[in-house]
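Asks: Quick one: the structure is below, and I'll ask about it shortly.
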Amino acid sequence: MNGKYRGCMKIDDLTYEQLKERMAKIALDNGLQEQKVNVVSARTLKPVESIGNPERKDFPLVKGREVMVEADFNGAKGQAFTDMPGDFKGTVGEILNMGLEDNFERAVFIASLNAVLRHLQCLECTIHCKDEEPEECAQCLVDYVRKEFGSPKIAFIGLQPAMVDNLARNFNMRVTDMDPDNQGQTKYGLPIEPVDHTREVIQWGDVVFATGSTLVNNTYRSLIQDRPLVFYGVTVSGIAYLTDCPQYCHNGH
């Protein structure tokens, strides 16, 4: 794996402008500015294309609460979760000129960053796992937590059903989620708390696990407190490569 750009920035200080500057340097170093990046819309990436047919039916992708934007750069694919689907076709240079003002533009940018880094052989995990792989990933997460953190209290940001189910059987945890249909409900024995509880939940916990979607919806900075922070999923792959932030994605492709 190409490690040329690994760990160039710190997640604590990360801004979208810094990400654009880093991607611009990568593009310049490799002569990629005018090459086309095709982003497949959420309309095209149906749930079965993104996550297959898992036994659980309460994943956000299956429910339609979130969708997957996929970038294709010279056959290398990168993905990012978003709640704002759309279409894009253009060059790396055109992507770098985006304002990144909304969740769609940020999803296009992050998916494209993942695809470009995949093309350059910097990344191996940019595609969401499918079918029963999310369940296996969640089961392995229990061992990951024990190995890295012992028996912590877990602040979990973003309801990922399989992960929450498996972790709740083994650890003390609290969960917040942006979906109003989940807030106030009890899932896997836990009350799902609203996002305005996030700071309190993080301060309660010993370690924070957060969906990579927070890097698309621009809520990630509120998660950076005096606690270990691990992002889960494929969305964060490129950013994790460029920064020092830990990522958990056991079965991504």
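Chain labels A, B, ... are given in the sequence in which chains occur in the structure tokens; within each chain residues are numbered consecutively from 1, and ligands are likewise numbered from 1 in the order shown.
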Got a sec to tell me which of segment 13-188 of chain A DSSP assigns to alpha helix (DSSP H), as a VMD selection string?
Replies: chain A and resid 16 to 30 47 to 51 60 to 63 92 to 96 103 to 119 133 to 149 161 to 168
Asks: Per residue of segment 122-141 of chain A within 8 Å of segment 63-85 of chain A, record the nearest atom pair and its distance in Å to one decimal, counting only C-alpha atoms, with rows in chain order and ascending residue number, as a Markdown table.
Replies:
| residue | atom | partner | partner_atom | distance |
| --- | --- | --- | --- | --- |
| A:Thr126 | CA | A:Gly78 | CA | 4.9 |
| A:Ile127 | CA | A:Gln79 | CA | 5.9 |
| A:His128 | CA | A:Gln79 | CA | 7.4 |
Asks: Residues of the last selection are to be written out with all heavy atoms, as a CSV table (one decimal), in the first residue's frame.
Replies:
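The result, written out as again34.csv:
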chain,number,residue,atom,x,y,z
A,126,THR,N,-12.8,0.8,0.6
A,126,THR,CA,-13.6,2.0,0.2
A,126,THR,C,-15.0,1.6,-0.2
A,126,THR,O,-15.7,2.5,-0.6
A,126,THR,CB,-12.9,2.7,-1.0
A,126,THR,OG1,-12.8,1.8,-2.1
A,126,THR,CG2,-11.5,3.2,-0.7
A,127,ILE,N,-15.3,0.3,-0.1
A,127,ILE,CA,-16.7,-0.2,-0.6
A,127,ILE,C,-17.3,-0.8,0.6
A,127,ILE,O,-16.7,-1.7,1.3
A,127,ILE,CB,-16.5,-1.2,-1.7
A,127,ILE,CG1,-15.8,-0.5,-2.9
A,127,ILE,CG2,-17.9,-1.7,-2.2
A,127,ILE,CD1,-16.5,0.7,-3.5
A,128,HIS,N,-18.6,-0.5,0.9
A,128,HIS,CA,-19.3,-1.1,2.0
A,128,HIS,C,-19.5,-2.6,1.9
A,128,HIS,O,-19.7,-3.1,0.8
A,128,HIS,CB,-20.7,-0.4,2.0
A,128,HIS,CG,-21.4,-0.5,3.3
A,128,HIS,ND1,-22.1,-1.7,3.7
A,128,HIS,CD2,-21.7,0.4,4.3
A,128,HIS,CE1,-22.6,-1.5,4.9
A,128,HIS,NE2,-22.4,-0.3,5.3
Asks: Taking the DSSP secondary structure from the backbone, can you list the residues of segment 2-239 of chain A that are strand (DSSP E), as a ChimeraX atom specification?
Replies: /A:36-40,67-73,76-82,88-91,154-157,173-176,186-187,190-193,207-211,229-232
Asks: Write out as a tab-separated table the residues of segment 76-147 of chain A that have any atom within 12 Å of an atom of segment 234-240 of chain A, one row each with the nearest atom pair and its distance in Å to one decimal, counting only C-alpha atoms, sorted by chain and then rising number.
Replies:
residue	atom	partner	partner_atom	distance
A:Lys77	CA	A:Val234	CA	11.3
A:Gly78	CA	A:Thr235	CA	8.2
A:Gln79	CA	A:Thr235	CA	6.1
A:Ala80	CA	A:Thr235	CA	4.4
A:Phe81	CA	A:Thr235	CA	6.2
A:Thr82	CA	A:Thr235	CA	9.4
A:Arg106	CA	A:Thr235	CA	10.9
A:Ala107	CA	A:Thr235	CA	8.5
A:Val108	CA	A:Thr235	CA	10.8
A:Phe109	CA	A:Gly238	CA	10.6
A:Ile110	CA	A:Thr235	CA	7.1
A:Ala111	CA	A:Thr235	CA	7.0
A:Ser112	CA	A:Gly238	CA	9.3
A:Leu113	CA	A:Gly238	CA	6.2
A:Asn114	CA	A:Gly238	CA	4.9
A:Ala115	CA	A:Gly238	CA	8.5
A:Val116	CA	A:Gly238	CA	9.0
A:Leu117	CA	A:Gly238	CA	6.8
A:Arg118	CA	A:Gly238	CA	8.6
A:His119	CA	A:Gly238	CA	11.7
A:Leu120	CA	A:Gly238	CA	11.5
A:Gln121	CA	A:Gly238	CA	11.4
A:Cys122	CA	A:Gly238	CA	8.6
A:Leu123	CA	A:Gly238	CA	7.3
A:Glu124	CA	A:Ser237	CA	8.9
A:Cys125	CA	A:Val234	CA	6.6
A:Thr126	CA	A:Val234	CA	5.3
A:Ile127	CA	A:Val234	CA	6.3
A:His128	CA	A:Val234	CA	6.1
A:Cys129	CA	A:Val234	CA	8.9
A:Pro134	CA	A:Val234	CA	11.9
Asks: Compare A:Leu96, A:Val142, A:Gly3, A:Ile11 by their minimum atom-to-atom distance to Met23 of chain A, counting only C-alpha atoms, and give me the closest one.
Replies: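 Among A:Leu96, A:Val142, A:Gly3, A:Ile11, it is A:Leu96 that comes nearest to Met23 of chain A.
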Asks: Please provide the set of residues having any atom within 8 Å of Thr198 of chain A, restricted to only C-alpha atoms, with same-chain residues fewer than 3 positions apart removed, written as a list in words.
Replies: Ile157, Thr176, Pro194, Val195, Val201, Ile202 and Leu223 of chain A
Asks: Produce a file of the selected residues containing N, CA, C and O atoms, as a compact mmCIF listing (two decimals), in the first residue's frame.
Replies:
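What landed in part.txt:
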# COMPACT_ATOMS: atom_id res chain seq x y z
N ILE A 157 -22.17 7.11 18.51
CA ILE A 157 -22.81 8.21 17.79
C ILE A 157 -23.27 7.70 16.42
O ILE A 157 -22.47 7.42 15.54
N THR A 176 -26.60 7.94 20.60
CA THR A 176 -27.38 9.05 20.05
C THR A 176 -27.56 8.82 18.55
O THR A 176 -26.75 8.15 17.90
N PRO A 194 -31.38 11.82 21.60
CA PRO A 194 -31.28 12.81 20.53
C PRO A 194 -29.87 13.39 20.45
O PRO A 194 -29.07 13.28 21.38
N VAL A 195 -29.59 14.05 19.32
CA VAL A 195 -28.24 14.55 19.10
C VAL A 195 -27.86 15.66 20.07
O VAL A 195 -26.67 15.89 20.31
N VAL A 201 -23.27 12.64 26.44
CA VAL A 201 -22.99 11.21 26.24
C VAL A 201 -21.49 10.98 26.09
O VAL A 201 -20.93 10.02 26.65
N ILE A 202 -20.81 11.84 25.34
CA ILE A 202 -19.36 11.68 25.16
C ILE A 202 -18.63 11.86 26.48
O ILE A 202 -17.70 11.11 26.80
N LEU A 223 -17.51 15.96 18.17
CA LEU A 223 -17.12 14.67 18.75
C LEU A 223 -15.70 14.69 19.30
O LEU A 223 -15.31 13.79 20.04
Asks: Could you list, as an MDAnalysis selection string, every residue within 9 Å of Leu141 of chain A, counting only C-alpha atoms and ignoring same-chain residues fewer than 4 positions away?
Replies: chainID A and resid 136:137 145:146 163 166:167 248:250
